[in-house]
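Asker: This is the content of entry22.csv (CSV, C-alpha atoms):
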chain,number,residue,atom,x,y,z
T,18,MET,CA,42.4,-58.3,51.8
T,19,ARG,CA,43.2,-54.6,51.6
T,20,ASN,CA,40.5,-53.7,54.1
T,21,LEU,CA,41.8,-56.4,56.5
T,22,VAL,CA,45.3,-55.1,56.3
T,23,ALA,CA,44.1,-51.5,56.9
T,24,PHE,CA,42.1,-52.7,59.9
T,25,LEU,CA,45.1,-54.6,61.4
T,26,LEU,CA,47.4,-51.7,60.8
T,27,CYS,CA,45.0,-49.4,62.6
T,28,SER,CA,44.2,-51.8,65.4
T,29,CYS,CA,47.9,-52.3,66.3
T,30,LEU,CA,48.7,-48.6,66.8
T,31,GLY,CA,48.1,-48.7,70.5
T,32,THR,CA,50.4,-51.6,71.2
T,33,ALA,CA,53.0,-51.5,68.4
T,34,SER,CA,55.2,-49.0,70.0
T,35,LEU,CA,55.7,-51.5,72.9
T,36,ALA,CA,56.5,-54.4,70.6
T,37,GLU,CA,59.8,-55.8,69.6
T,38,PRO,CA,61.3,-53.8,66.7
T,39,LEU,CA,60.8,-55.4,63.4
T,40,ARG,CA,64.2,-56.5,62.2
T,41,VAL,CA,64.7,-56.7,58.5
T,42,ALA,CA,67.7,-58.0,56.7
T,43,VAL,CA,68.0,-56.2,53.4
T,44,ALA,CA,70.4,-56.7,50.5
T,45,SER,CA,72.6,-53.6,50.1
T,46,ASN,CA,71.3,-52.8,46.6
T,47,PHE,CA,67.8,-52.3,48.0
T,48,LEU,CA,68.7,-50.2,51.0
T,49,MET,CA,67.4,-46.9,49.8
T,50,PRO,CA,63.9,-48.1,48.7
T,51,ALA,CA,63.8,-50.2,51.9
T,52,LYS,CA,64.3,-47.1,54.0
T,53,ALA,CA,61.5,-45.3,52.2
T,54,LEU,CA,59.2,-48.4,52.6
T,55,ALA,CA,60.2,-48.7,56.3
T,56,ASP,CA,59.3,-45.0,56.9
T,57,ARG,CA,55.9,-45.4,55.3
T,58,PHE,CA,55.2,-48.6,57.2
T,59,GLU,CA,56.2,-47.1,60.6
T,60,GLN,CA,53.8,-44.1,60.0
T,61,ALA,CA,51.0,-46.5,59.0
T,62,SER,CA,51.4,-49.1,61.7
T,63,GLY,CA,53.3,-47.6,64.6
T,64,TYR,CA,55.9,-50.4,64.5
T,65,GLN,CA,59.6,-49.6,64.6
T,66,VAL,CA,61.6,-51.1,61.7
T,67,SER,CA,65.3,-51.8,62.1
T,68,LEU,CA,67.2,-52.4,58.8
T,69,SER,CA,70.4,-54.4,58.6
T,70,THR,CA,72.2,-54.4,55.3
T,71,GLY,CA,74.9,-56.3,53.5
T,72,SER,CA,75.5,-58.8,50.7
T,73,THR,CA,72.9,-61.4,50.3
T,74,GLY,CA,75.4,-64.2,51.1
T,75,LYS,CA,76.6,-62.6,54.3
T,76,LEU,CA,73.0,-61.9,55.5
T,77,TYR,CA,72.1,-65.6,54.7
T,78,ALA,CA,75.0,-66.7,56.8
T,79,GLN,CA,73.9,-64.5,59.7
T,80,ILE,CA,70.4,-65.9,59.5
T,81,VAL,CA,71.6,-69.5,59.5
T,82,ASN,CA,73.7,-68.7,62.5
T,83,GLY,CA,70.7,-67.4,64.5
T,84,ALA,CA,70.6,-63.6,63.8
T,85,PRO,CA,67.1,-62.4,65.1
T,86,PHE,CA,65.7,-61.2,61.9
T,87,SER,CA,62.0,-61.4,61.0
T,88,VAL,CA,62.1,-60.6,57.3
T,89,PHE,CA,64.8,-61.2,54.7
T,90,LEU,CA,64.8,-59.1,51.5
T,91,ALA,CA,67.4,-60.8,49.3
T,92,ALA,CA,69.0,-59.8,46.0
T,93,ASN,CA,68.3,-63.2,44.5
T,94,ALA,CA,66.1,-66.2,44.7
T,95,ALA,CA,68.8,-68.8,45.6
T,96,GLU,CA,69.3,-67.9,49.3
T,97,PRO,CA,65.5,-67.6,50.0
T,98,ARG,CA,65.1,-71.0,48.4
T,99,ARG,CA,67.9,-72.5,50.5
T,100,LEU,CA,66.3,-71.1,53.7
T,101,GLU,CA,63.0,-72.5,52.6
T,102,ALA,CA,64.5,-76.0,52.0
T,103,GLN,CA,66.1,-75.8,55.5
T,104,GLY,CA,62.8,-75.1,57.1
T,105,LYS,CA,63.8,-71.7,58.3
T,106,VAL,CA,61.0,-69.7,56.7
T,107,VAL,CA,57.2,-69.5,57.1
T,108,ALA,CA,55.7,-71.9,54.6
T,109,GLY,CA,54.4,-70.2,51.4
T,110,SER,CA,55.9,-66.8,52.3
T,111,ARG,CA,58.6,-66.7,49.6
T,112,PHE,CA,57.8,-64.3,46.8
T,113,THR,CA,59.5,-61.9,44.3
T,114,TYR,CA,59.3,-58.3,45.4
T,115,ALA,CA,61.5,-56.8,42.8
T,116,VAL,CA,63.5,-57.5,39.6
T,117,GLY,CA,66.9,-55.8,39.7
T,118,ARG,CA,68.7,-54.0,36.9
T,119,LEU,CA,72.5,-53.8,36.6
T,120,VAL,CA,74.3,-50.7,35.4
T,121,LEU,CA,77.9,-49.7,34.6
T,122,TRP,CA,78.4,-46.4,36.3
T,123,SER,CA,81.1,-43.7,36.2
T,124,ARG,CA,81.3,-40.5,38.3
T,125,ASP,CA,82.5,-38.8,35.1
T,126,PRO,CA,79.3,-37.3,33.4
T,127,ALA,CA,80.9,-37.7,29.9
T,128,GLN,CA,82.4,-41.2,30.1
T,129,LEU,CA,79.1,-43.2,29.5
T,130,ALA,CA,76.9,-40.4,28.2
T,131,ALA,CA,77.1,-41.8,24.7
T,132,GLY,CA,75.8,-45.2,25.9
T,133,ASP,CA,79.0,-47.0,24.8
T,134,GLY,CA,79.4,-49.1,27.9
T,135,ALA,CA,79.6,-52.3,25.9
T,136,ASP,CA,82.5,-51.1,23.9
T,137,LEU,CA,84.4,-49.9,27.0
T,138,ILE,CA,84.1,-53.4,28.5
T,139,ARG,CA,84.9,-55.3,25.3
T,140,ASN,CA,88.0,-53.2,24.6
T,141,GLY,CA,89.1,-52.9,28.3
T,142,GLU,CA,89.2,-49.2,28.1
T,143,PHE,CA,89.4,-48.4,31.8
T,144,ALA,CA,92.0,-48.2,34.4
T,145,ARG,CA,90.1,-50.0,37.2
T,146,LEU,CA,86.7,-51.7,37.2
T,147,ALA,CA,84.9,-52.4,40.4
T,148,VAL,CA,82.5,-55.4,40.9
T,149,ALA,CA,80.8,-56.9,43.9
T,150,ASN,CA,82.0,-60.3,45.2
T,151,PRO,CA,80.2,-62.8,43.0
T,152,LYS,CA,80.3,-65.4,45.7
T,153,THR,CA,78.1,-63.5,48.1
T,154,ALA,CA,76.5,-60.7,46.0
T,155,PRO,CA,74.1,-61.5,43.1
T,156,TYR,CA,74.9,-58.2,41.4
T,157,GLY,CA,78.5,-59.2,41.3
T,158,MET,CA,77.6,-62.5,39.7
T,159,ALA,CA,75.5,-60.7,37.1
T,160,ALA,CA,78.4,-58.3,36.4
T,161,LEU,CA,80.8,-61.2,35.7
T,162,GLN,CA,78.2,-62.9,33.5
T,163,ALA,CA,77.8,-59.6,31.5
T,164,MET,CA,81.6,-59.2,31.1
T,165,GLN,CA,81.9,-62.7,29.8
T,166,ALA,CA,79.0,-62.3,27.4
T,167,LEU,CA,80.8,-59.2,26.0
T,168,GLY,CA,84.0,-61.2,25.5
T,169,LEU,CA,86.0,-60.0,28.5
T,170,ASP,CA,87.5,-62.6,30.8
T,171,PRO,CA,87.6,-61.1,34.3
T,172,ALA,CA,90.6,-63.4,35.1
T,173,THR,CA,92.8,-61.4,32.7
T,174,LEU,CA,92.3,-58.1,34.4
T,175,GLY,CA,94.5,-58.7,37.5
T,176,ARG,CA,94.7,-55.7,39.7
T,177,ARG,CA,92.6,-53.7,37.3
T,178,LEU,CA,89.6,-55.6,38.7
T,179,VAL,CA,88.5,-54.2,42.2
T,180,ARG,CA,86.2,-56.3,44.2
T,181,GLY,CA,83.8,-55.0,46.8
T,182,GLU,CA,82.0,-56.9,49.4
T,183,ASN,CA,78.6,-55.7,48.0
T,184,VAL,CA,77.3,-53.2,45.5
T,185,SER,CA,77.3,-50.4,48.2
T,186,GLN,CA,81.0,-50.8,48.5
T,187,VAL,CA,81.4,-50.9,44.7
T,188,TYR,CA,79.5,-47.6,44.6
T,189,GLN,CA,81.9,-46.1,47.2
T,190,PHE,CA,84.9,-47.3,45.3
T,191,THR,CA,83.7,-45.7,42.1
T,192,ALA,CA,82.4,-42.5,43.7
T,193,SER,CA,85.8,-42.0,45.4
T,194,GLY,CA,87.8,-42.5,42.3
T,195,ASN,CA,89.4,-45.8,43.4
T,196,ALA,CA,87.8,-47.3,40.3
T,197,ASP,CA,86.8,-45.3,37.2
T,198,LEU,CA,83.9,-47.7,36.5
T,199,GLY,CA,81.7,-49.9,38.6
T,200,PHE,CA,78.9,-52.3,38.1
T,201,VAL,CA,76.1,-51.3,40.5
T,202,ALA,CA,72.4,-51.4,40.8
T,203,LEU,CA,70.2,-49.0,38.8
T,204,SER,CA,68.5,-48.0,42.1
T,205,GLN,CA,71.8,-46.6,43.4
T,206,VAL,CA,72.2,-44.1,40.6
T,207,SER,CA,68.5,-43.4,39.9
T,208,ASN,CA,67.4,-42.5,43.4
T,209,PRO,CA,64.3,-40.4,42.8
T,210,GLU,CA,65.1,-38.2,45.9
T,211,LYS,CA,68.8,-37.7,45.0
T,212,PRO,CA,70.0,-39.0,41.6
T,213,ALA,CA,73.7,-39.8,41.5
T,214,ALA,CA,76.1,-37.6,39.5
T,215,GLY,CA,78.0,-39.0,36.6
T,216,SER,CA,76.8,-41.2,33.8
T,217,TYR,CA,75.8,-44.8,33.4
T,218,TRP,CA,75.0,-47.5,30.9
T,219,LEU,CA,72.0,-49.8,31.5
T,220,VAL,CA,73.3,-53.3,31.0
T,221,PRO,CA,71.0,-55.3,28.7
T,222,SER,CA,69.2,-57.9,30.7
T,223,ASP,CA,70.0,-60.6,28.2
T,224,LEU,CA,73.7,-60.4,29.1
T,225,HIS,CA,73.1,-62.0,32.5
T,226,GLU,CA,70.7,-64.2,34.4
T,227,PRO,CA,67.6,-62.3,35.8
T,228,ILE,CA,68.2,-60.6,39.1
T,229,GLU,CA,65.0,-61.9,40.7
T,230,GLN,CA,64.9,-60.5,44.3
T,231,GLN,CA,62.9,-62.5,46.7
T,232,ALA,CA,61.6,-62.0,50.2
T,233,VAL,CA,60.8,-64.5,53.0
T,234,LEU,CA,59.2,-64.4,56.4
T,235,LEU,CA,61.6,-66.1,58.8
T,236,ASP,CA,60.5,-68.8,61.2
T,237,ASP,CA,60.8,-68.1,64.9
T,238,SER,CA,60.5,-64.4,64.3
T,239,PRO,CA,60.8,-62.2,67.4
T,240,ASN,CA,58.0,-60.1,65.9
T,241,ASP,CA,55.6,-62.3,64.0
T,242,GLU,CA,52.6,-60.0,63.8
T,243,GLY,CA,54.7,-57.0,62.6
T,244,ALA,CA,56.5,-59.2,60.1
T,245,ARG,CA,53.2,-60.4,58.5
T,246,LEU,CA,51.8,-56.9,58.4
T,247,PHE,CA,55.0,-55.7,56.7
T,248,PHE,CA,54.8,-58.4,54.1
T,249,ASP,CA,51.2,-57.5,53.3
T,250,PHE,CA,52.3,-53.9,53.1
T,251,LEU,CA,55.3,-54.8,50.8
T,252,LYS,CA,52.9,-56.5,48.4
T,253,GLY,CA,50.5,-53.5,48.2
T,254,PRO,CA,50.2,-51.3,45.1
T,255,LYS,CA,51.7,-48.2,46.7
T,256,SER,CA,54.8,-50.2,47.7
T,257,ARG,CA,55.1,-51.6,44.2
T,258,GLU,CA,54.8,-48.1,42.8
T,259,LEU,CA,57.6,-46.9,45.1
T,260,ILE,CA,59.8,-49.9,44.2
T,261,ALA,CA,59.4,-49.1,40.5
T,262,ARG,CA,60.4,-45.5,41.1
T,263,TYR,CA,63.8,-46.7,42.2
T,264,GLY,CA,64.4,-48.5,38.9
T,265,TYR,CA,63.2,-52.0,39.7
T,266,GLY,CA,60.8,-54.2,37.8
T,267,THR,CA,57.9,-55.5,39.9
T,268,PRO,CA,55.9,-58.7,39.6
Show how you would write the structure in this file as structure tokens.
Answerer:
Amino acid sequence: MRNLVAFLLCSCLGTASLAEPLRVAVASNFLMPAKALADRFEQASGYQVSLSTGSTGKLYAQIVNGAPFSVFLAANAAEPRRLEAQGKVVAGSRFTYAVGRLVLWSRDPAQLAAGDGADLIRNGEFARLAVANPKTAPYGMAALQAMQALGLDPATLGRRLVRGENVSQVYQFTASGNADLGFVALSQVSNPEKPAAGSYWLVPSDLHEPIEQQAVLLDDSPNDEGARLFFDFLKGPKSRELIARYGYGTP
């Protein structure tokens, strides 16, 4: 299979530049590793990759309404399954490409340095806490589950709870000081190229449902050949190694 993929990658170099760009819808938590993967794929194949990012729920809505994506890298398994049930994906293409980790992050290097994030949440020792919208962002749902597991009811926080559309916006709220704590993805603060300043607490995975991130090939793709090559590339050992460097578990 690896030899076949290598042959196909090499054989398309002469025509890929003329092909339709490969449009990939990617959940916002995975944007940085997706950029690194896209760069490697472009160099190997000659295809141009166009990334569109947002919350998984918003991207799902765009796909259902006809957005011309070829690949969907979701932050959960629910939306890929829904698309599969609706007949909008290539049969048998759905697979788990990463397992996400949730962190509580502060731009203050000392606030979470002692690893006492659980106590901060239990005791409500914060001015404002940012989370992603749990209706559209899987990391937001995981954050609410973790808070409830620690005995904090989000409904009691009122204006102290700041909601972002996705984890990228939560990161921005926290980085700017609009919130002193934010639940974000581990990949956002452990970027191997540029680690985030501040401090964070790795939320124990047993405090929330697994963040199983799945990918699907979308039916009626404007670039079917490129999408299939990208999928094979995404499953390869070098891609899995890169994904792991950004703090994700890999199947």
Asker: Could you tell me which of T:Arg124, T:Pro151, T:Asn208, T:Leu224 comes closest to Met164 in chain T if we count all atoms listed in the file?
Answerer: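 Using all atoms listed in the file, Met164 in chain T sits closest to T:Leu224.
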Asker: From the set T:Gln189, T:Asn93, T:Ser72, T:Thr153, which residue has the shortest atom-to-atom contact distance to Ala42 in chain T, counting all atoms listed in the file?
Answerer: T:Ser72
Asker: Using only C-alpha atoms, which protein or nucleic acid residues come within 7 Å of range 105-112 of chain T? Drop anything in the same chain fewer than 2 positions from it, and give the result as a list in words.
Answerer: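 Listed by chain and then number, they are Pro97, Leu100, Glu101, Gln103, Tyr114, Gln231, Ala232, Val233, Leu234, Leu235 and Asp236 of chain T.
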Asker: Quick one: everything within 12 Å of Ile80 in chain T, counting all atoms listed in the file, minus sequence neighbours fewer than 2 positions away in the same chain. Send it as an NGL selection string.
Answerer: :T and (40-43 or 69 or 73-78 or 82-91 or 96-97 or 99-100 or 103 or 105-106 or 233-238)
Asker: Between T:Ile260, T:Ala127, T:Ala160, T:Ala61, which is the closest to Glu226 in chain T once you count only C-alpha atoms?
Answerer: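 The shortest atom-to-atom distance to Glu226 in chain T comes from T:Ala160.
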Asker: One number please: CA of Asp170 in chain T to CA of Asn140 in chain T, in Å, one decimal.
Answerer: 11.3 Å
Asker: Could you jot down the CA of Gln162 in chain T to CA of Ala149 in chain T separation for me, Å, one decimal place?
Answerer: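 CA of Gln162 in chain T sits 12.3 Å away from CA of Ala149 in chain T.
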Asker: Would you kindly return, as a PyMOL selection string, each protein, DNA or RNA residue with an atom no farther than 9 Å from any atom of Ser123 in chain T, considering only C-alpha atoms and excluding same-chain residues fewer than 2 positions away?
Answerer: chain T and resi 121+125-129+191-192+196-199+214-218
Asker: Report the distance between CA of Tyr188 in chain T and CA of Lys252 in chain T in Å, rounded to one decimal place.
Answerer: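 It comes out at 28.3 Å.
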Asker: Taking only C-alpha atoms into account, which of T:Leu174, T:Val66, T:Ala115, T:Leu251 comes nearest Phe143 in chain T?
Answerer: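 The answer is T:Leu174, which sits nearest to Phe143 in chain T.
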Asker: Can you tell me, as a count of residues only, which residues sit within 12 Å of (62.6, -47.4, 57.4) in the file's frame, using all atoms listed in the file?
Answerer: 29
Asker: Fewer than 5 positions away in the same chain doesn't count, so skip those; otherwise give me all residues within 9 Å of Asn195 in chain T, counting only C-alpha atoms, as an MDAnalysis selection string.
Answerer: chainID T and resid 145:147 179 189:190
